[in-house]
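Okay, my_file.csv now, which holds CSV, C-alpha atoms:
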```csv
chain,number,residue,atom,x,y,z
A,6,MET,CA,11.8,3.7,-9.8
A,7,ALA,CA,9.3,1.0,-10.7
A,8,ARG,CA,6.7,2.6,-8.5
A,9,ALA,CA,7.2,5.9,-10.3
A,10,GLU,CA,6.9,4.4,-13.7
A,11,ILE,CA,3.7,2.6,-12.8
A,12,GLY,CA,2.3,5.8,-11.3
A,13,ALA,CA,2.7,7.5,-14.7
A,14,VAL,CA,0.1,5.2,-16.1
A,15,ILE,CA,-2.1,4.2,-13.1
A,16,PHE,CA,-3.5,7.2,-11.2
A,17,GLY,CA,-4.9,7.4,-7.7
A,18,GLN,CA,-4.1,3.8,-6.7
A,19,GLU,CA,-0.8,4.2,-4.8
A,20,ARG,CA,-1.8,1.7,-2.1
A,21,VAL,CA,-2.7,-0.9,-4.6
A,22,VAL,CA,0.5,-0.4,-6.6
A,23,ASP,CA,2.6,-0.7,-3.4
A,24,LEU,CA,0.9,-3.9,-2.4
A,25,THR,CA,1.2,-5.4,-5.8
A,26,LEU,CA,4.9,-4.6,-6.0
A,27,ALA,CA,5.3,-6.2,-2.5
A,28,ILE,CA,3.6,-9.3,-3.8
A,29,LEU,CA,6.1,-9.7,-6.6
A,30,LEU,CA,9.1,-8.9,-4.4
A,31,ALA,CA,7.9,-11.5,-2.0
A,32,GLY,CA,7.7,-14.1,-4.8
A,33,GLY,CA,4.0,-14.6,-4.4
A,34,HIS,CA,0.6,-14.3,-6.2
A,35,GLY,CA,-2.0,-11.6,-5.8
A,36,LEU,CA,-5.8,-11.3,-6.0
A,37,LEU,CA,-7.1,-7.9,-7.0
A,38,ILE,CA,-10.8,-7.4,-6.2
A,39,GLY,CA,-12.9,-4.5,-7.4
A,40,VAL,CA,-15.7,-3.5,-9.7
A,41,PRO,CA,-15.0,-3.2,-13.4
A,42,GLY,CA,-13.3,-0.1,-14.7
A,43,LEU,CA,-10.8,0.5,-11.8
A,44,ALA,CA,-7.7,-0.3,-14.0
A,45,LYS,CA,-7.0,-3.7,-12.4
A,46,THR,CA,-6.2,-5.3,-15.7
A,47,LYS,CA,-4.2,-2.2,-16.8
A,48,LEU,CA,-2.2,-2.4,-13.6
A,49,VAL,CA,-1.2,-6.0,-14.2
A,50,GLU,CA,-0.3,-5.2,-17.8
A,51,THR,CA,1.8,-2.2,-16.8
A,52,LEU,CA,3.5,-4.1,-14.0
A,53,GLY,CA,4.6,-6.8,-16.4
A,54,ILE,CA,6.2,-4.3,-18.7
A,55,VAL,CA,7.9,-2.3,-16.0
A,56,VAL,CA,9.5,-5.2,-14.2
A,57,GLY,CA,10.4,-6.9,-17.5
A,58,LEU,CA,8.4,-10.1,-17.1
A,59,ASP,CA,7.1,-12.3,-20.0
A,60,ALA,CA,3.4,-11.8,-19.4
A,61,LEU,CA,0.3,-13.5,-20.8
A,62,ARG,CA,-3.4,-12.9,-20.2
A,63,VAL,CA,-6.2,-15.4,-19.8
A,64,GLN,CA,-9.8,-14.2,-19.8
A,65,PHE,CA,-11.7,-16.5,-17.5
A,66,THR,CA,-15.2,-17.4,-18.8
A,67,PRO,CA,-17.7,-20.1,-17.8
A,68,ASP,CA,-16.6,-22.3,-20.8
A,69,LEU,CA,-12.9,-22.1,-20.2
A,70,MET,CA,-11.3,-25.5,-19.7
A,71,PRO,CA,-8.2,-26.5,-17.7
A,72,SER,CA,-6.4,-27.4,-20.9
A,73,ASP,CA,-6.9,-23.8,-22.2
A,74,ILE,CA,-4.6,-22.8,-19.3
A,75,LEU,CA,-2.1,-25.6,-18.9
A,76,GLY,CA,-1.9,-26.9,-22.5
A,77,SER,CA,-2.6,-30.3,-24.0
A,78,GLU,CA,-1.1,-33.2,-25.8
A,79,VAL,CA,-1.8,-33.6,-29.5
A,80,MET,CA,-1.0,-36.6,-31.7
A,81,GLU,CA,1.3,-36.1,-34.6
A,82,GLU,CA,2.4,-38.4,-37.4
A,83,GLY,CA,6.0,-38.2,-38.5
A,84,LEU,CA,7.5,-38.7,-41.9
A,85,ASP,CA,8.2,-42.3,-41.0
A,86,GLY,CA,4.5,-42.9,-40.3
A,87,LYS,CA,4.9,-43.2,-36.5
A,88,ARG,CA,2.5,-41.4,-34.3
A,89,VAL,CA,3.7,-39.6,-31.2
A,90,PHE,CA,2.2,-37.2,-28.7
A,91,ARG,CA,3.6,-33.7,-28.4
A,92,PHE,CA,2.8,-31.3,-25.6
A,93,ILE,CA,1.7,-27.9,-26.6
A,94,ARG,CA,2.2,-25.4,-23.8
A,95,GLY,CA,-0.6,-23.2,-22.5
A,96,PRO,CA,-0.4,-19.6,-21.4
A,97,ILE,CA,0.5,-20.7,-17.8
A,98,PHE,CA,4.1,-21.0,-19.1
A,99,ALA,CA,4.7,-17.3,-18.6
A,100,GLN,CA,6.6,-15.4,-15.9
A,101,LEU,CA,3.5,-13.4,-15.2
A,102,LEU,CA,0.0,-14.9,-15.8
A,103,MET,CA,-2.9,-12.4,-15.6
A,104,ALA,CA,-6.0,-14.4,-14.7
A,105,ASP,CA,-8.6,-11.9,-15.6
A,106,GLU,CA,-12.0,-12.2,-13.9
A,107,ILE,CA,-11.0,-15.5,-12.4
A,108,ASN,CA,-14.2,-15.9,-10.5
A,109,ARG,CA,-16.2,-16.2,-13.7
A,110,ALA,CA,-14.8,-19.7,-14.5
A,111,SER,CA,-15.9,-23.0,-13.0
A,112,PRO,CA,-14.1,-24.5,-10.0
A,113,ARG,CA,-12.8,-27.2,-12.3
A,114,THR,CA,-10.9,-24.6,-14.3
A,115,GLN,CA,-9.8,-22.6,-11.3
A,116,SER,CA,-8.2,-25.7,-9.8
A,117,ALA,CA,-5.9,-25.9,-12.8
A,118,LEU,CA,-3.9,-23.2,-11.1
A,119,LEU,CA,-3.5,-24.9,-7.7
A,120,GLN,CA,-0.4,-27.0,-8.4
A,121,ALA,CA,1.2,-24.3,-10.5
A,122,MET,CA,0.8,-21.6,-7.9
A,123,GLN,CA,2.1,-23.8,-5.0
A,124,GLU,CA,4.8,-26.0,-6.7
A,125,HIS,CA,5.7,-24.0,-9.8
A,126,HIS,CA,5.2,-27.0,-12.1
A,127,VAL,CA,2.2,-28.7,-13.7
A,128,THR,CA,1.4,-32.3,-14.5
A,129,VAL,CA,-0.2,-33.2,-17.8
A,130,ALA,CA,-0.9,-36.8,-18.9
A,131,GLY,CA,1.4,-37.9,-16.0
A,132,ALA,CA,4.4,-35.9,-17.2
A,133,ARG,CA,5.8,-33.0,-15.1
A,134,HIS,CA,6.5,-29.7,-16.8
A,135,ASP,CA,8.4,-27.0,-14.9
A,136,LEU,CA,7.3,-23.4,-15.1
A,137,PRO,CA,9.6,-20.5,-15.8
A,138,SER,CA,11.3,-18.5,-13.0
A,139,PRO,CA,10.1,-16.2,-11.7
A,140,PHE,CA,6.4,-17.3,-11.9
A,141,HIS,CA,3.6,-15.2,-10.6
A,142,VAL,CA,-0.2,-15.2,-11.0
A,143,LEU,CA,-2.0,-11.9,-10.6
A,144,ALA,CA,-5.7,-12.5,-10.7
A,145,THR,CA,-8.5,-10.0,-10.9
A,146,GLN,CA,-11.9,-10.7,-9.4
A,147,ASN,CA,-15.3,-9.0,-9.6
A,148,PRO,CA,-17.3,-8.6,-6.4
A,149,LEU,CA,-19.4,-11.7,-5.7
A,150,GLU,CA,-22.6,-9.6,-5.7
A,151,GLN,CA,-22.3,-9.1,-9.5
A,152,GLU,CA,-24.1,-11.4,-11.9
A,153,GLY,CA,-22.2,-14.5,-13.1
A,154,ALA,CA,-19.5,-14.3,-10.4
A,155,TYR,CA,-18.8,-17.3,-8.1
A,156,PRO,CA,-16.7,-17.6,-4.9
A,157,LEU,CA,-13.2,-19.1,-5.3
A,158,PRO,CA,-12.6,-22.4,-3.3
A,159,GLU,CA,-10.8,-21.9,0.0
A,160,ALA,CA,-7.7,-23.8,-1.2
A,161,GLN,CA,-7.4,-21.6,-4.2
A,162,LEU,CA,-7.7,-18.4,-2.1
A,163,ASP,CA,-5.0,-19.6,0.3
A,164,ARG,CA,-2.5,-19.7,-2.6
A,165,PHE,CA,-2.7,-15.9,-2.9
A,166,LEU,CA,-0.2,-14.1,-0.8
A,167,LEU,CA,-2.4,-11.0,-0.5
A,168,GLN,CA,-5.9,-10.0,-1.3
A,169,VAL,CA,-5.9,-6.4,-2.6
A,170,ASP,CA,-9.2,-4.6,-2.5
A,171,VAL,CA,-9.3,-1.9,-5.3
A,172,SER,CA,-11.5,1.0,-4.4
A,173,TYR,CA,-12.8,4.0,-6.4
A,174,PRO,CA,-10.2,6.8,-7.0
A,175,ASP,CA,-10.7,10.1,-5.2
A,176,ARG,CA,-11.9,13.1,-7.0
A,177,ALA,CA,-8.5,14.6,-7.8
A,178,ALA,CA,-7.3,11.2,-9.3
A,179,GLU,CA,-10.5,10.7,-11.3
A,180,ARG,CA,-10.1,14.2,-12.7
A,181,ARG,CA,-6.6,13.4,-13.8
A,182,ILE,CA,-7.9,10.1,-15.4
A,183,LEU,CA,-10.5,12.1,-17.3
A,184,ILE,CA,-7.9,14.5,-18.7
A,185,GLU,CA,-5.0,12.2,-19.5
A,186,THR,CA,-6.9,9.2,-20.9
A,187,THR,CA,-9.3,10.9,-23.2
A,188,GLY,CA,-6.7,12.8,-25.3
A,189,ASP,CA,-4.9,11.8,-28.4
A,190,ARG,CA,-1.8,10.5,-26.6
A,191,ASP,CA,-1.6,7.6,-24.1
A,192,ALA,CA,1.2,7.2,-21.5
A,193,LYS,CA,3.3,4.2,-22.3
A,194,PRO,CA,5.2,2.4,-19.5
A,195,ARG,CA,8.9,1.6,-19.9
A,196,PRO,CA,10.7,-1.4,-18.5
A,197,VAL,CA,13.0,-0.4,-15.6
A,198,MET,CA,13.9,-3.9,-14.4
A,199,THR,CA,14.5,-7.4,-15.8
A,200,SER,CA,13.4,-10.7,-14.5
A,201,ASP,CA,16.9,-11.3,-13.2
A,202,ASP,CA,16.6,-8.0,-11.3
A,203,LEU,CA,13.4,-9.2,-9.8
A,204,LEU,CA,14.9,-12.5,-8.7
A,205,ALA,CA,17.8,-10.7,-7.1
A,206,ALA,CA,15.3,-8.5,-5.2
A,207,GLN,CA,13.4,-11.6,-4.1
A,208,ARG,CA,16.6,-13.0,-2.7
A,209,ILE,CA,17.2,-9.8,-0.8
A,210,VAL,CA,13.7,-10.0,0.7
A,211,ARG,CA,14.3,-13.5,2.0
A,212,ARG,CA,17.6,-12.5,3.5
A,213,ALA,CA,16.4,-9.3,5.1
A,214,PRO,CA,16.8,-9.3,8.9
A,215,ILE,CA,13.6,-9.4,11.0
A,216,GLY,CA,13.4,-8.6,14.7
A,217,GLU,CA,12.1,-11.1,17.2
A,218,ARG,CA,9.4,-8.6,18.2
A,219,ILE,CA,8.1,-8.7,14.6
A,220,VAL,CA,8.0,-12.5,14.5
A,221,GLU,CA,6.1,-12.7,17.8
A,222,ALA,CA,3.6,-10.0,16.6
A,223,ILE,CA,2.9,-12.1,13.4
A,224,LEU,CA,2.4,-15.2,15.5
A,225,ASP,CA,0.2,-13.4,18.0
A,226,LEU,CA,-2.0,-12.0,15.3
A,227,VAL,CA,-2.4,-15.2,13.2
A,228,ARG,CA,-3.0,-17.4,16.2
A,229,ALA,CA,-5.4,-14.9,17.8
A,230,ALA,CA,-7.6,-15.1,14.6
A,231,ARG,CA,-8.3,-18.9,15.2
A,232,PRO,CA,-11.4,-20.1,17.0
A,233,GLY,CA,-10.4,-21.7,20.3
A,234,GLU,CA,-7.0,-20.0,20.5
A,235,GLY,CA,-7.6,-16.3,20.7
A,236,ASP,CA,-9.7,-14.1,22.9
A,237,PRO,CA,-13.2,-15.8,23.0
A,238,GLU,CA,-14.9,-12.4,22.8
A,239,LEU,CA,-13.0,-11.5,19.6
A,240,THR,CA,-13.2,-15.0,18.0
A,241,LYS,CA,-16.7,-15.9,18.8
A,242,GLY,CA,-17.9,-14.9,15.3
A,243,ILE,CA,-15.1,-16.6,13.4
A,244,GLY,CA,-16.0,-19.8,11.6
A,245,TRP,CA,-12.5,-20.8,10.6
A,246,GLY,CA,-9.2,-18.9,10.9
A,247,PRO,CA,-6.0,-18.6,9.0
A,248,GLY,CA,-3.4,-21.4,8.8
A,249,PRO,CA,0.4,-21.3,8.9
A,250,ARG,CA,0.5,-20.0,5.3
A,251,ALA,CA,-1.0,-16.8,6.5
A,252,ALA,CA,2.0,-16.3,8.9
A,253,GLN,CA,4.4,-17.0,6.1
A,254,ALA,CA,2.6,-14.5,3.8
A,255,LEU,CA,2.7,-11.8,6.5
A,256,MET,CA,6.4,-12.4,7.1
A,257,LEU,CA,7.4,-12.2,3.4
A,258,ALA,CA,5.0,-9.4,2.6
A,259,ALA,CA,6.3,-7.3,5.6
A,260,ARG,CA,9.8,-7.7,4.4
A,261,ALA,CA,8.8,-6.8,0.8
A,262,ARG,CA,6.9,-3.7,1.9
A,263,ALA,CA,9.9,-2.5,3.8
A,264,LEU,CA,12.0,-2.9,0.7
A,265,VAL,CA,9.5,-1.0,-1.4
A,266,ASP,CA,9.8,1.8,1.1
A,267,GLY,CA,13.6,1.7,1.0
A,268,ARG,CA,14.0,-0.1,4.4
A,269,LEU,CA,15.9,-3.3,4.9
A,270,SER,CA,13.9,-4.5,8.0
A,271,PRO,CA,10.1,-4.5,8.5
A,272,SER,CA,8.4,-2.8,11.4
A,273,LEU,CA,5.2,-3.4,13.4
A,274,ASP,CA,3.5,-0.8,11.2
A,275,ASP,CA,4.2,-3.1,8.2
A,276,VAL,CA,2.5,-6.0,10.0
A,277,ALA,CA,-0.5,-3.9,11.0
A,278,THR,CA,-0.9,-2.5,7.4
A,279,LEU,CA,-0.7,-5.9,5.8
A,280,ALA,CA,-2.9,-7.8,8.3
A,281,GLU,CA,-6.1,-7.3,6.4
A,282,PRO,CA,-4.7,-8.1,2.9
A,283,ALA,CA,-3.0,-11.3,4.3
A,284,LEU,CA,-5.8,-12.6,6.5
A,285,LYS,CA,-9.1,-11.4,4.9
A,286,HIS,CA,-9.3,-14.2,2.3
A,287,ARG,CA,-8.0,-16.9,4.8
A,288,MET,CA,-10.8,-16.7,7.4
A,289,ALA,CA,-14.6,-16.7,7.4
A,290,LEU,CA,-17.3,-15.6,9.8
A,291,THR,CA,-20.2,-17.7,11.2
A,292,PHE,CA,-23.7,-17.2,9.9
A,293,ALA,CA,-24.7,-15.7,13.2
A,294,ALA,CA,-21.9,-13.1,13.0
A,295,ARG,CA,-22.8,-12.2,9.4
A,296,ALA,CA,-26.5,-11.9,10.4
A,297,GLU,CA,-25.5,-9.4,13.1
A,298,GLY,CA,-23.7,-7.2,10.5
A,299,GLU,CA,-20.2,-8.3,11.4
A,300,THR,CA,-17.4,-8.2,8.8
A,301,VAL,CA,-14.1,-9.9,8.4
A,302,SER,CA,-12.4,-6.5,8.1
A,303,GLY,CA,-13.9,-5.4,11.4
A,304,VAL,CA,-12.7,-8.5,13.2
A,305,ILE,CA,-9.2,-8.1,11.8
A,306,ALA,CA,-9.1,-4.4,12.8
A,307,ARG,CA,-9.9,-5.4,16.4
A,308,LEU,CA,-7.4,-8.2,16.4
A,309,VAL,CA,-4.7,-5.8,15.2
A,310,ALA,CA,-5.6,-3.3,17.9
A,311,LYS,CA,-5.3,-5.9,20.6
A,312,THR,CA,-2.2,-7.9,19.5
A,313,ILE,CA,0.1,-5.3,17.8
A,314,GLN,CA,1.3,-2.6,20.1
```
Would you mind giving the structure from this file in C-alpha cells?
Amino acid sequence: MARAEIGAVIFGQERVVDLTLAILLAGGHGLLIGVPGLAKTKLVETLGIVVGLDALRVQFTPDLMPSDILGSEVMEEGLDGKRVFRFIRGPIFAQLLMADEINRASPRTQSALLQAMQEHHVTVAGARHDLPSPFHVLATQNPLEQEGAYPLPEAQLDRFLLQVDVSYPDRAAERRILIETTGDRDAKPRPVMTSDDLLAAQRIVRRAPIGERIVEAILDLVRAARPGEGDPELTKGIGWGPGPRAAQALMLAARARALVDGRLSPSLDDVATLAEPALKHRMALTFAARAEGETVSGVIARLVAKTIQ
C-alpha cells in the first residue's frame, strides 16, 4: 500500500522506491546517489508523509556547522537573575532526517551524524540526548565528479545500510513526468502508516525466519570480498573489503525486501539483488585496478556469480 502511494508521486523509480522502503523496514539509514533532478529529495519527502514519520530537512552546504544539525546550548537569565544553560534541539531530533546533498558539507559537519546514526543519541556539552524512535537518516549525494562535491569518510559511509544509485528514468516514465508535473494539479501523497506501524514492521523483519543456506551465502559473499580471504584472482584489485556491518546489512535488508514483496523469508535472489547496494560503499579498489578500468560494481557482480548459486 505504501509502495502504491509513493508510486503515484514518484514515476519510473520502482527499484529505488523498493530499496528505500527496505531500508526503513530494516531500521537503517540510506544513501541515495544521483545527478540533480532525479526526484531524490521528492522521494524522501514523499516517504516521510506516506509512512507517517516526523520529517525534517537539512540542506548541507560548505558553511554548515555541527551545531546546525545537533543543536546548541544557550545561556538564559531567569527572573531571579540566575544564569543557566538551555539546550535547543537541532533538526536531528526528527524521526526522519533528510540530509540533502550531504557531500557538499565539510567532514567536520558530516561527522556530527556518526554517533546519532549508530547509537541513536547525541552528546552535546557532555550531556546525552536521546533521539526519537524510529530514527532514520536518508541522505542524498551528488556524483563526486560534480563541482563542489567531496567524498564521504569511510566511517560515515559504513553507517548507511544501503547505497542506492538513482539512474535516469526510461522514456515512458519521463513522458509521464512531463505530462503529470507540468499541469495545474500536483499529486499529493497520503499517509497510509504511522510511526507505530513502522516500528511493528521492523520487529517483524527482525523476527522473520531465515534459512541456513541464506546465512551461509551472506557470509560467503562478504568474506569473499576481503583481500586475503577470497579467491585471489577476484580480490587482487580490492584495496579493502567490507566488515561485519556489511553482513548485518545484507541480513536485515534481505528480510526487509522479502517483506516488501509480501514474503516472510528471504531467498538467494534477495541476497544477490542487494549485494551491490550493501557492499558498494564498503569496499574500494586499488589504484592499479582503477587504472585498468575496473569498477566496484564489476567486482561485486563476479563475486555474486561465484558465491551465490
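Between A:Val142 and the residues A:Pro96, A:Pro237, A:Pro41, A:Gly188, the shortest atom-to-atom distance, using all atoms listed in the file, involves A:Pro96.
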Polymer residues at most 9 Å from stretch 64-73 of chain A, all atoms listed in the file, same-chain spacing of 6 or more positions, as a list in words
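The residues that qualify are Gly95, Pro96, Met103, Ala104, Asp105, Glu106, Ile107, Asn108, Arg109, Ala110, Ser111, Arg113, Thr114, Gln115, Ser116, Ala117, Leu118 and Gly153 of chain A.
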A:Val227 surroundings by all atoms listed in the file, 8 Å radius, close-in-sequence under 2 positions cut, as a ChimeraX atom specification
/A:223-225,229-231,247-249,251-252,284
Please dump the current selection as a PDB file, keeping the file's coordinate frame; keep C-alpha atoms.
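Listed below is the output, selection39.pdb:
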```
ATOM      1  CA  ILE A 223       2.900 -12.100  13.400  1.00  0.00           C
ATOM      2  CA  LEU A 224       2.400 -15.200  15.500  1.00  0.00           C
ATOM      3  CA  ASP A 225       0.200 -13.400  18.000  1.00  0.00           C
ATOM      4  CA  ALA A 229      -5.400 -14.900  17.800  1.00  0.00           C
ATOM      5  CA  ALA A 230      -7.600 -15.100  14.600  1.00  0.00           C
ATOM      6  CA  ARG A 231      -8.300 -18.900  15.200  1.00  0.00           C
ATOM      7  CA  PRO A 247      -6.000 -18.600   9.000  1.00  0.00           C
ATOM      8  CA  GLY A 248      -3.400 -21.400   8.800  1.00  0.00           C
ATOM      9  CA  PRO A 249       0.400 -21.300   8.900  1.00  0.00           C
ATOM     10  CA  ALA A 251      -1.000 -16.800   6.500  1.00  0.00           C
ATOM     11  CA  ALA A 252       2.000 -16.300   8.900  1.00  0.00           C
ATOM     12  CA  LEU A 284      -5.800 -12.600   6.500  1.00  0.00           C
TER      13      LEU A 284
END
```
Pick from A:Ala289, A:Val220, A:Met122, A:Leu136: nearest to A:His34, with all atoms listed in the file counted?
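With all atoms listed in the file as the atom set, the closest residue is A:Met122.
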So that I can check the surroundings of A:Glu159, please list as a CSV table (one decimal) with C-alpha atoms, in the frame of the given file every protein, DNA and RNA residue that reaches within 9 Å of it, counting all atoms listed in the file and ignoring chain neighbours fewer than 5 positions away.
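Wrote it out as result.csv, contents follow:
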```
chain,number,residue,atom,x,y,z
A,164,ARG,CA,-2.5,-19.7,-2.6
A,286,HIS,CA,-9.3,-14.2,2.3
A,287,ARG,CA,-8.0,-16.9,4.8
```
What does the structure give for the distance between atom CA of A:Ser77 and atom CA of A:Phe90, in Å to one decimal?
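A separation of 9.6 Å between them.
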When you count all atoms listed in the file, which of these residues is closest to A:Arg260: A:Thr300, A:Gln168, A:Gln207, A:Gln100?
A:Gln207
Give me the residues near A:Leu257 as a short mmCIF file (atom, residue, chain, number, x, y, z; two decimals) with C-alpha atoms, keeping the file's coordinate frame, where near means some atom within 12 Å (using only C-alpha atoms) and where sequence neighbours in that chain fewer than 3 positions away do not count.
```cif
data_model
loop_
_atom_site.label_atom_id
_atom_site.label_comp_id
_atom_site.auth_asym_id
_atom_site.auth_seq_id
_atom_site.Cartn_x
_atom_site.Cartn_y
_atom_site.Cartn_z
CA ALA A 27 5.30 -6.20 -2.50
CA ILE A 28 3.60 -9.30 -3.80
CA LEU A 29 6.10 -9.70 -6.60
CA LEU A 30 9.10 -8.90 -4.40
CA ALA A 31 7.90 -11.50 -2.00
CA GLY A 32 7.70 -14.10 -4.80
CA GLY A 33 4.00 -14.60 -4.40
CA HIS A 34 0.60 -14.30 -6.20
CA LEU A 166 -0.20 -14.10 -0.80
CA LEU A 167 -2.40 -11.00 -0.50
CA GLN A 207 13.40 -11.60 -4.10
CA ARG A 208 16.60 -13.00 -2.70
CA ILE A 209 17.20 -9.80 -0.80
CA VAL A 210 13.70 -10.00 0.70
CA ARG A 211 14.30 -13.50 2.00
CA ARG A 212 17.60 -12.50 3.50
CA ALA A 213 16.40 -9.30 5.10
CA PRO A 214 16.80 -9.30 8.90
CA ILE A 215 13.60 -9.40 11.00
CA ILE A 219 8.10 -8.70 14.60
CA VAL A 220 8.00 -12.50 14.50
CA ILE A 223 2.90 -12.10 13.40
CA ARG A 250 0.50 -20.00 5.30
CA ALA A 251 -1.00 -16.80 6.50
CA ALA A 252 2.00 -16.30 8.90
CA GLN A 253 4.40 -17.00 6.10
CA ALA A 254 2.60 -14.50 3.80
CA ARG A 260 9.80 -7.70 4.40
CA ALA A 261 8.80 -6.80 0.80
CA ARG A 262 6.90 -3.70 1.90
CA ALA A 263 9.90 -2.50 3.80
CA LEU A 264 12.00 -2.90 0.70
CA SER A 270 13.90 -4.50 8.00
CA PRO A 271 10.10 -4.50 8.50
CA ASP A 275 4.20 -3.10 8.20
CA VAL A 276 2.50 -6.00 10.00
CA LEU A 279 -0.70 -5.90 5.80
CA ALA A 283 -3.00 -11.30 4.30
#
```
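Every protein or nucleic acid residue with an atom no more than 10 Å from A:His125, counting only C-alpha atoms and leaving out same-chain residues fewer than 6 positions away, appears here: Phe98, Leu118, Leu119, His134, Asp135, Leu136, Pro137, Ser138, Pro139, Phe140 and His141 of chain A.
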Top pick for closest residue to A:Ala258, considering A:Thr240, A:Thr199, A:Thr278, A:Thr312 and counting only C-alpha atoms
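Comparing A:Thr240, A:Thr199, A:Thr278, A:Thr312 against A:Ala258, the winner is A:Thr278.
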Counting only C-alpha atoms, the residue of A:Met6, A:Ala280, A:Ala310, A:Leu43 that sits nearest A:Tyr173
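The shortest atom-to-atom distance to A:Tyr173 comes from A:Leu43.
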So which one's closest to A:Ala206, A:Ala44, A:Val56, A:Ile38, A:Ala192? Using all atoms listed in the file, please.
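The shortest atom-to-atom distance to A:Ala206 comes from A:Val56.
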Just give me the gap between atom CA of A:Asp274 and atom CA of A:Met198 in Å, one decimal is fine.
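Calculated distance between atom CA of A:Asp274 and atom CA of A:Met198 is 27.8 Å.
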